[in-house]
>>> print(open('final-v3.cif').read())   # mmCIF, C-alpha atoms
data_data
loop_
_atom_site.label_atom_id
_atom_site.label_comp_id
_atom_site.auth_asym_id
_atom_site.auth_seq_id
_atom_site.Cartn_x
_atom_site.Cartn_y
_atom_site.Cartn_z
CA MET A 1 0.00 0.00 0.00
CA ARG A 2 2.85 2.36 0.90
CA SER A 3 4.56 1.76 -2.45
CA LYS A 4 1.34 2.48 -4.31
CA ARG A 5 0.92 5.76 -2.43
CA PHE A 6 4.52 6.66 -3.19
CA GLY A 7 3.97 5.93 -6.88
CA LEU A 8 0.84 8.07 -6.92
CA GLY A 9 2.69 10.90 -5.22
CA VAL A 10 5.46 10.76 -7.82
CA ALA A 11 2.91 10.87 -10.61
CA ILE A 12 1.17 13.89 -9.10
CA ALA A 13 4.50 15.65 -8.55
CA ALA A 14 5.46 14.98 -12.15
CA MET A 15 2.22 16.48 -13.35
CA MET A 16 2.77 19.58 -11.20
CA ILE A 17 6.32 20.02 -12.47
CA GLY A 18 5.16 19.53 -16.03
CA SER A 19 2.51 22.16 -15.56
CA LEU A 20 5.17 24.74 -14.75
CA ASN A 21 6.54 24.28 -18.26
CA LEU A 22 3.29 24.99 -20.08
CA ASP A 23 3.65 27.79 -22.61
CA ALA A 24 1.13 30.59 -22.97
CA GLY A 25 -0.57 28.92 -25.93
CA MET A 26 -1.18 25.70 -23.99
CA ILE A 27 -2.55 27.66 -21.03
CA ARG A 28 -4.85 29.59 -23.36
CA ASP A 29 -6.10 26.33 -24.90
CA MET A 30 -6.77 24.90 -21.43
CA ILE A 31 -8.77 27.99 -20.46
CA GLN A 32 -10.73 27.86 -23.69
CA LYS A 33 -11.47 24.15 -23.26
CA ARG A 34 -12.66 24.80 -19.72
CA ALA A 35 -14.99 27.53 -20.96
CA GLU A 36 -16.37 25.21 -23.66
CA THR A 37 -16.91 22.46 -21.08
CA ARG A 38 -18.73 24.92 -18.88
CA THR A 39 -20.94 25.83 -21.83
CA THR A 40 -21.91 22.26 -22.68
CA THR A 41 -22.63 21.19 -19.13
CA SER A 42 -24.74 24.15 -18.01
CA SER A 43 -28.44 23.45 -17.54
CA GLN A 44 -31.41 25.35 -18.88
CA THR A 45 -33.87 26.87 -16.44
CA SER A 46 -37.08 28.83 -16.80
CA ASN A 47 -35.05 32.07 -16.73
CA THR A 48 -32.23 31.00 -19.05
CA MET A 49 -31.91 29.48 -22.50
CA MET A 50 -28.39 28.20 -23.04
CA ASP A 51 -26.68 27.50 -26.35
CA VAL A 52 -29.49 28.73 -28.57
CA THR A 53 -28.41 27.96 -32.14
CA TYR A 54 -28.25 30.72 -34.75
CA GLY A 55 -25.98 28.89 -37.25
CA SER A 56 -24.53 25.50 -38.09
CA ASP A 57 -21.10 25.94 -36.49
CA LYS A 58 -20.70 24.93 -32.83
CA LYS A 59 -19.55 28.47 -32.04
CA GLN A 60 -22.70 30.03 -33.48
CA ARG A 61 -24.58 29.89 -30.21
CA MET A 62 -26.06 32.37 -27.73
CA ASP A 63 -27.26 32.34 -24.13
CA VAL A 64 -30.48 34.17 -23.25
CA TYR A 65 -31.04 35.45 -19.70
CA LEU A 66 -34.66 36.39 -19.07
CA PRO A 67 -36.12 38.66 -16.42
CA THR A 68 -39.11 37.48 -14.45
CA ASN A 69 -42.28 37.56 -16.56
CA PRO A 70 -40.91 39.49 -19.60
CA GLN A 71 -43.55 41.32 -21.61
CA LYS A 72 -42.36 43.47 -24.49
CA ALA A 73 -39.03 43.58 -22.68
CA PRO A 74 -36.08 45.57 -24.07
CA VAL A 75 -32.99 43.58 -25.01
CA VAL A 76 -29.20 43.94 -24.71
CA VAL A 77 -27.17 41.73 -27.07
CA MET A 78 -23.58 41.36 -25.79
CA VAL A 79 -20.51 40.28 -27.82
CA HIS A 80 -17.39 39.15 -25.90
CA GLY A 81 -13.81 40.12 -26.69
CA GLY A 82 -10.56 38.15 -26.83
CA ALA A 83 -8.29 39.44 -29.64
CA TRP A 84 -10.54 37.75 -32.22
CA LYS A 85 -9.13 34.35 -31.20
CA ILE A 86 -10.29 33.47 -27.66
CA GLY A 87 -13.17 34.29 -25.30
CA ASP A 88 -16.55 32.84 -24.42
CA LYS A 89 -20.11 34.08 -24.05
CA ARG A 90 -20.40 32.67 -20.54
CA SER A 91 -17.32 34.31 -19.01
CA ASP A 92 -18.09 35.96 -15.67
CA ASN A 93 -16.86 39.40 -16.72
CA VAL A 94 -19.00 39.29 -19.84
CA VAL A 95 -22.23 38.31 -18.09
CA ASP A 96 -22.47 38.54 -14.32
CA ASN A 97 -22.66 42.25 -13.43
CA LYS A 98 -24.64 43.14 -16.54
CA LYS A 99 -27.21 40.40 -16.06
CA ALA A 100 -27.49 41.15 -12.34
CA ARG A 101 -28.09 44.83 -13.12
CA TRP A 102 -30.45 44.59 -16.07
CA ASN A 103 -32.55 41.46 -15.56
CA PRO A 104 -34.19 42.99 -12.44
CA LYS A 105 -34.94 46.09 -14.53
CA GLY A 106 -36.94 43.91 -16.92
CA ILE A 107 -34.29 43.65 -19.64
CA ILE A 108 -33.47 40.47 -21.57
CA PHE A 109 -29.69 39.93 -21.69
CA VAL A 110 -28.26 37.88 -24.58
CA SER A 111 -24.59 36.82 -24.74
CA VAL A 112 -23.24 35.69 -28.11
CA ASN A 113 -20.44 33.39 -29.25
CA TYR A 114 -19.01 33.56 -32.77
CA ARG A 115 -16.37 31.74 -34.79
CA LEU A 116 -12.79 32.66 -33.90
CA LEU A 117 -9.37 32.77 -35.54
CA PRO A 118 -8.06 30.84 -37.37
CA ASP A 119 -11.42 29.43 -38.49
CA ALA A 120 -12.92 32.83 -39.24
CA ASP A 121 -11.34 36.23 -39.85
CA PRO A 122 -12.85 39.42 -38.36
CA LEU A 123 -15.12 40.05 -41.36
CA LYS A 124 -16.60 36.56 -41.04
CA GLN A 125 -16.88 37.12 -37.29
CA ALA A 126 -18.85 40.31 -37.98
CA ASP A 127 -21.11 38.25 -40.26
CA ASP A 128 -21.69 35.87 -37.34
CA VAL A 129 -22.59 38.71 -34.97
CA ALA A 130 -24.96 40.17 -37.55
CA ALA A 131 -26.57 36.75 -37.98
CA ALA A 132 -26.96 36.45 -34.20
CA LEU A 133 -28.56 39.90 -34.01
CA ALA A 134 -30.93 39.03 -36.87
CA TYR A 135 -31.89 35.82 -35.05
CA VAL A 136 -32.68 37.79 -31.89
CA GLN A 137 -34.78 40.24 -33.88
CA SER A 138 -36.77 37.38 -35.39
CA HIS A 139 -37.25 35.34 -32.19
CA VAL A 140 -37.26 37.75 -29.27
CA ALA A 141 -41.05 38.14 -29.30
CA GLN A 142 -41.28 34.43 -28.42
CA TRP A 143 -39.16 35.15 -25.34
CA GLY A 144 -41.33 38.06 -24.22
CA GLY A 145 -39.08 40.69 -25.78
CA ASP A 146 -39.59 43.70 -28.05
CA SER A 147 -37.80 43.47 -31.39
CA GLN A 148 -37.95 47.27 -31.67
CA LYS A 149 -36.03 47.81 -28.42
CA ILE A 150 -32.65 46.16 -28.94
CA VAL A 151 -29.23 47.60 -28.03
CA LEU A 152 -26.11 45.90 -29.40
CA MET A 153 -23.02 45.89 -27.17
CA GLY A 154 -19.47 44.53 -27.40
CA HIS A 155 -16.14 44.69 -25.57
CA SER A 156 -12.63 44.82 -27.06
CA ALA A 157 -12.55 42.66 -30.21
CA GLY A 158 -16.31 42.30 -29.73
CA ALA A 159 -16.54 46.10 -29.71
CA HIS A 160 -14.72 46.17 -33.05
CA LEU A 161 -17.24 43.71 -34.48
CA VAL A 162 -20.30 45.64 -33.29
CA ASP A 163 -18.68 48.86 -34.53
CA LEU A 164 -18.27 47.33 -38.00
CA ILE A 165 -21.90 46.27 -38.17
CA SER A 166 -23.19 49.53 -36.72
CA SER A 167 -21.10 51.70 -39.04
CA ASP A 168 -22.47 50.06 -42.16
CA PRO A 169 -25.68 48.11 -41.37
CA ALA A 170 -26.78 48.08 -45.01
CA ARG A 171 -24.03 45.54 -45.63
CA TYR A 172 -26.07 43.03 -43.60
CA PRO A 173 -29.42 42.76 -45.44
CA ASN A 174 -30.97 40.37 -42.90
CA LEU A 175 -30.82 43.03 -40.19
CA LYS A 176 -33.72 45.26 -39.26
CA PRO A 177 -33.05 48.61 -37.56
CA TRP A 178 -32.11 48.48 -33.88
CA LEU A 179 -31.97 51.27 -31.31
CA GLY A 180 -28.21 51.72 -31.15
CA THR A 181 -24.87 50.31 -30.09
CA VAL A 182 -22.59 50.57 -27.06
CA SER A 183 -18.93 49.95 -27.90
CA LEU A 184 -16.74 49.09 -24.91
CA ASP A 185 -13.10 50.07 -25.47
CA SER A 186 -12.12 49.14 -29.00
CA ALA A 187 -8.65 50.19 -30.09
CA ALA A 188 -9.45 49.01 -33.64
CA MET A 189 -11.52 51.87 -35.01
CA ASP A 190 -9.07 52.72 -37.81
CA ILE A 191 -7.38 49.50 -38.90
CA PRO A 192 -5.11 51.03 -41.62
CA LYS A 193 -3.74 53.43 -39.03
CA VAL A 194 -3.25 50.64 -36.48
CA MET A 195 -1.44 48.41 -38.96
CA SER A 196 0.84 51.16 -40.27
CA THR A 197 2.14 52.04 -36.79
CA LYS A 198 3.61 50.02 -33.92
CA HIS A 199 1.01 47.48 -32.79
CA TYR A 200 0.51 44.24 -30.90
CA ASP A 201 1.30 41.00 -32.75
CA PHE A 202 -2.28 39.73 -32.51
CA TYR A 203 -3.37 42.46 -34.96
CA ASP A 204 -1.20 40.77 -37.60
CA GLU A 205 -2.95 37.46 -36.90
CA ALA A 206 -6.33 39.09 -37.28
CA PHE A 207 -5.83 41.50 -40.17
CA GLY A 208 -2.90 40.19 -42.21
CA THR A 209 -0.94 42.32 -44.67
CA ASP A 210 -3.47 43.42 -47.31
CA PRO A 211 -4.31 47.16 -47.08
CA ALA A 212 -7.58 46.56 -48.95
CA TYR A 213 -8.63 44.12 -46.24
CA TRP A 214 -7.60 46.60 -43.54
CA ALA A 215 -9.96 49.21 -45.00
CA ASP A 216 -12.78 46.71 -45.38
CA ALA A 217 -12.42 45.61 -41.75
CA SER A 218 -12.17 49.16 -40.38
CA PRO A 219 -15.16 50.89 -38.75
CA TYR A 220 -13.71 54.33 -39.55
CA GLN A 221 -13.42 53.55 -43.26
CA ARG A 222 -16.77 51.73 -43.32
CA LEU A 223 -18.70 54.51 -41.58
CA SER A 224 -21.71 55.37 -43.72
CA SER A 225 -24.70 57.69 -43.61
CA ASN A 226 -27.01 54.91 -42.39
CA ALA A 227 -24.97 54.11 -39.27
CA VAL A 228 -26.93 53.59 -36.04
CA PRO A 229 -26.49 55.78 -32.94
CA MET A 230 -23.37 54.76 -31.04
CA LEU A 231 -21.89 55.30 -27.60
CA LEU A 232 -18.14 54.69 -27.63
CA VAL A 233 -16.50 53.99 -24.27
CA CYS A 234 -12.71 54.28 -24.22
CA SER A 235 -10.07 53.75 -21.55
CA THR A 236 -7.77 56.63 -20.66
CA GLU A 237 -5.45 54.14 -18.93
CA ARG A 238 -4.33 52.10 -21.95
CA PRO A 239 -0.88 52.68 -23.46
CA ASP A 240 -2.26 52.38 -27.02
CA LYS A 241 -4.61 55.34 -26.39
CA PRO A 242 -7.90 54.11 -27.87
CA CYS A 243 -9.55 57.46 -27.14
CA VAL A 244 -7.50 59.04 -29.95
CA GLN A 245 -9.06 56.73 -32.55
CA THR A 246 -12.45 57.06 -30.91
CA GLU A 247 -12.35 60.87 -31.09
CA ALA A 248 -11.50 60.74 -34.81
CA PHE A 249 -14.40 58.33 -35.39
CA VAL A 250 -16.82 60.59 -33.52
CA GLN A 251 -15.71 63.63 -35.51
CA LYS A 252 -16.22 61.81 -38.80
CA ALA A 253 -19.66 60.63 -37.65
CA LYS A 254 -20.65 64.20 -36.78
CA SER A 255 -19.51 65.38 -40.21
CA LEU A 256 -22.05 62.90 -41.63
CA ASN A 257 -24.77 64.17 -39.24
CA LEU A 258 -24.71 60.89 -37.34
CA ARG A 259 -25.10 60.41 -33.61
CA ALA A 260 -21.88 59.13 -32.06
CA GLU A 261 -20.87 59.94 -28.49
CA MET A 262 -17.62 59.28 -26.68
CA THR A 263 -17.26 58.64 -22.95
CA PRO A 264 -13.64 58.34 -21.73
CA GLN A 265 -13.27 56.34 -18.52
CA ALA A 266 -10.35 56.24 -16.07
CA LEU A 267 -10.56 52.44 -16.04
CA LYS A 268 -8.29 49.75 -17.39
CA HIS A 269 -9.37 47.80 -20.46
CA LYS A 270 -10.55 44.80 -18.46
CA GLU A 271 -12.31 46.98 -15.89
CA ILE A 272 -14.45 48.60 -18.58
CA ASN A 273 -15.98 45.18 -19.17
CA ASP A 274 -15.92 43.91 -15.58
CA GLU A 275 -17.45 46.95 -13.92
CA LEU A 276 -20.30 47.75 -16.28
CA GLY A 277 -23.41 46.98 -14.25
CA LEU A 278 -21.96 47.99 -10.89
CA GLU A 279 -23.40 51.13 -9.33
CA SER A 280 -21.21 53.93 -10.73
CA ASN A 281 -21.20 57.04 -12.89
CA TYR A 282 -19.85 54.85 -15.68
CA THR A 283 -22.84 52.49 -15.59
CA LYS A 284 -25.14 55.51 -15.31
CA ALA A 285 -23.61 57.06 -18.46
CA VAL A 286 -24.23 53.87 -20.43
CA GLU A 287 -27.78 53.59 -19.12
CA ASP A 288 -28.47 57.28 -19.85
CA PHE A 289 -27.50 56.64 -23.48
CA MET A 290 -29.72 53.56 -23.72
CA ARG A 291 -32.57 55.48 -22.12
CA SER A 292 -32.13 58.30 -24.63
CA LEU A 293 -32.68 55.78 -27.43
CA GLY A 294 -36.08 54.89 -25.99
CA MET A 295 -35.16 51.90 -23.84
CA ALA A 296 -36.98 51.80 -20.49
CA ILE A 297 -34.25 51.16 -17.96
#
>>> encode(input="final-v3.cif", output="structure tokens")
Amino acid sequence: MRSKRFGLGVAIAAMMIGSLNLDAGMIRDMIQKRAETRTTTSSQTSNTMMDVTYGSDKKQRMDVYLPTNPQKAPVVVMVHGGAWKIGDKRSDNVVDNKKARWNPKGIIFVSVNYRLLPDADPLKQADDVAAALAYVQSHVAQWGGDSQKIVLMGHSAGAHLVDLISSDPARYPNLKPWLGTVSLDSAAMDIPKVMSTKHYDFYDEAFGTDPAYWADASPYQRLSSNAVPMLLVCSTERPDKPCVQTEAFVQKAKSLNLRAEMTPQALKHKEINDELGLESNYTKAVEDFMRSLGMAI
């Protein structure tokens, strides 16, 4: 018995030592696998609908969090970030504070997954998000929601995707008009500018080397006269200064007589996602914008 315990201890120690040598990619894969496992094992209750399918790929799924007794309820559709290559719709910082804030106010909260790199580039990812939004518009009445009272929201890479769709909604013919969009700290408003200056390596993975693709995947270049109203939150604490790009985007929108508002926040990039929904002036600013669009909140 003692020898067996010794052998088991050696095996466990070996596993622990091996784990110290994991590279960042392996750790990322483990985190992603854990998130996917969490997604497949979660149960559905009367107030949640998990892994609702909006496409044929396993990533084309959404979770729907319902308030008690929804009747013509407004809707927030949330798109997670993750450098276009990781992330999950059920991550705590994507869902928890927002759902806890808005479900009691009678708002349906929807969190969306989409295909990721390398299986889908950002333009295909934007197609996925548009397809998810179109699905919500077509089905939300069955959930007790109001298809005329939808706000689209995204953080980081997810903010870039909702910015793309919101800047040029005519490109997505399956979409009906929605109230507006809240963009949470994208530093990818002007992709040609990003790619022609010093930038993080993950931008190369996402956007490649073709300047024509950069322009096509850039909210600033895609901004058109039919863009929806947008609130653009940007961090003043990031070294890559997303508020500079955001200000340029807002000025271009105003030159086209579009509604685009910027709200700088003295929060780190992650905090802009984590803390939305907590009682604060930041949450109030986002809610004031949504209220101004006609959403009861």
>>> residues_near_point(input="final-v3.cif", point="(-7.4, 34.2, -35.9)", cutoff="7 Å", atoms="all atoms listed in the file", output="MDAnalysis selection string")
chainID A and resid 84:85 116:121 205:206
>>> residues_around(input="final-v3.cif", residues="region 279-296 of chain A", least_positions_apart="6", cutoff="7 Å", atoms="all atoms listed in the file", output="PDB file with C-alpha atoms, in the coordinates of the input")
ATOM      1  CA  PRO A  74     -36.080  45.570 -24.070  1.00  0.00           C
ATOM      2  CA  LYS A 149     -36.030  47.810 -28.420  1.00  0.00           C
ATOM      3  CA  LEU A 179     -31.970  51.270 -31.310  1.00  0.00           C
TER       4      LEU A 179
END
>>> closest_residue(input="final-v3.cif", among="A:Lys176, A:His139, A:Arg90, A:Arg222", to="Arg61 (chain A)", atoms="all atoms listed in the file")
A:Arg90
>>> atom_distance(input="final-v3.cif", atom1="CA of His269 (chain A)", atom2="CA of Met189 (chain A)")
15.3 Å
>>> atom_distance(input="final-v3.cif", atom1="CA of Cys234 (chain A)", atom2="CA of Ile165 (chain A)")
18.5 Å
>>> closest_residue(input="final-v3.cif", among="A:Ala227, A:Leu161, A:Ala188, A:Leu133", to="Val244 (chain A)", atoms="only C-alpha atoms")
A:Ala188
>>> atom_distance(input="final-v3.cif", atom1="CA of Tyr172 (chain A)", atom2="CA of Asp128 (chain A)")
10.5 Å
>>> closest_residue(input="final-v3.cif", among="A:Asp146, A:Ser166, A:Pro239, A:Pro104", to="His199 (chain A)", atoms="only C-alpha atoms")
A:Pro239
>>> resolve_selection(input="final-v3.cif", expression="the PyMOL selection byres ((chain A and resi 263-267) around 6)", output="list in words")
Val233, Cys234, Ser235, Thr236, Met262, Lys268 and Glu271 of chain A
>>> closest_residue(input="final-v3.cif", among="A:Asp240, A:Val250, A:Ser167, A:Asp274", to="Gln221 (chain A)", atoms="all atoms listed in the file")
A:Ser167
>>> residues_around(input="final-v3.cif", residues="Lys72 (chain A)", least_positions_apart="5", cutoff="9 Å", atoms="only C-alpha atoms", output="list in words")
Ala141, Trp143, Gly144, Gly145, Asp146, Ser147 and Lys149 of chain A
>>> resolve_selection(input="final-v3.cif", expression="the PyMOL selection byres ((chain A and resi 94-101) around 12)", output="VMD selection string")
chain A and resid 47 to 48 62 to 67 75 to 82 87 to 93 102 to 113 153 to 156 158 184 270 to 280 283 to 284 286 to 287 297
>>> closest_residue(input="final-v3.cif", among="A:Ala83, A:Val140, A:Asp185, A:Lys198", to="Ala157 (chain A)", atoms="all atoms listed in the file")
A:Ala83
>>> resolve_selection(input="final-v3.cif", expression="the PyMOL selection byres ((chain A and resi 257) around 12)", output="ChimeraX atom specification")
/A:223-229,250-256,258-260
>>> closest_residue(input="final-v3.cif", among="A:Ala187, A:Asp163, A:Thr181, A:Glu237", to="Tyr200 (chain A)", atoms="only C-alpha atoms")
A:Ala187
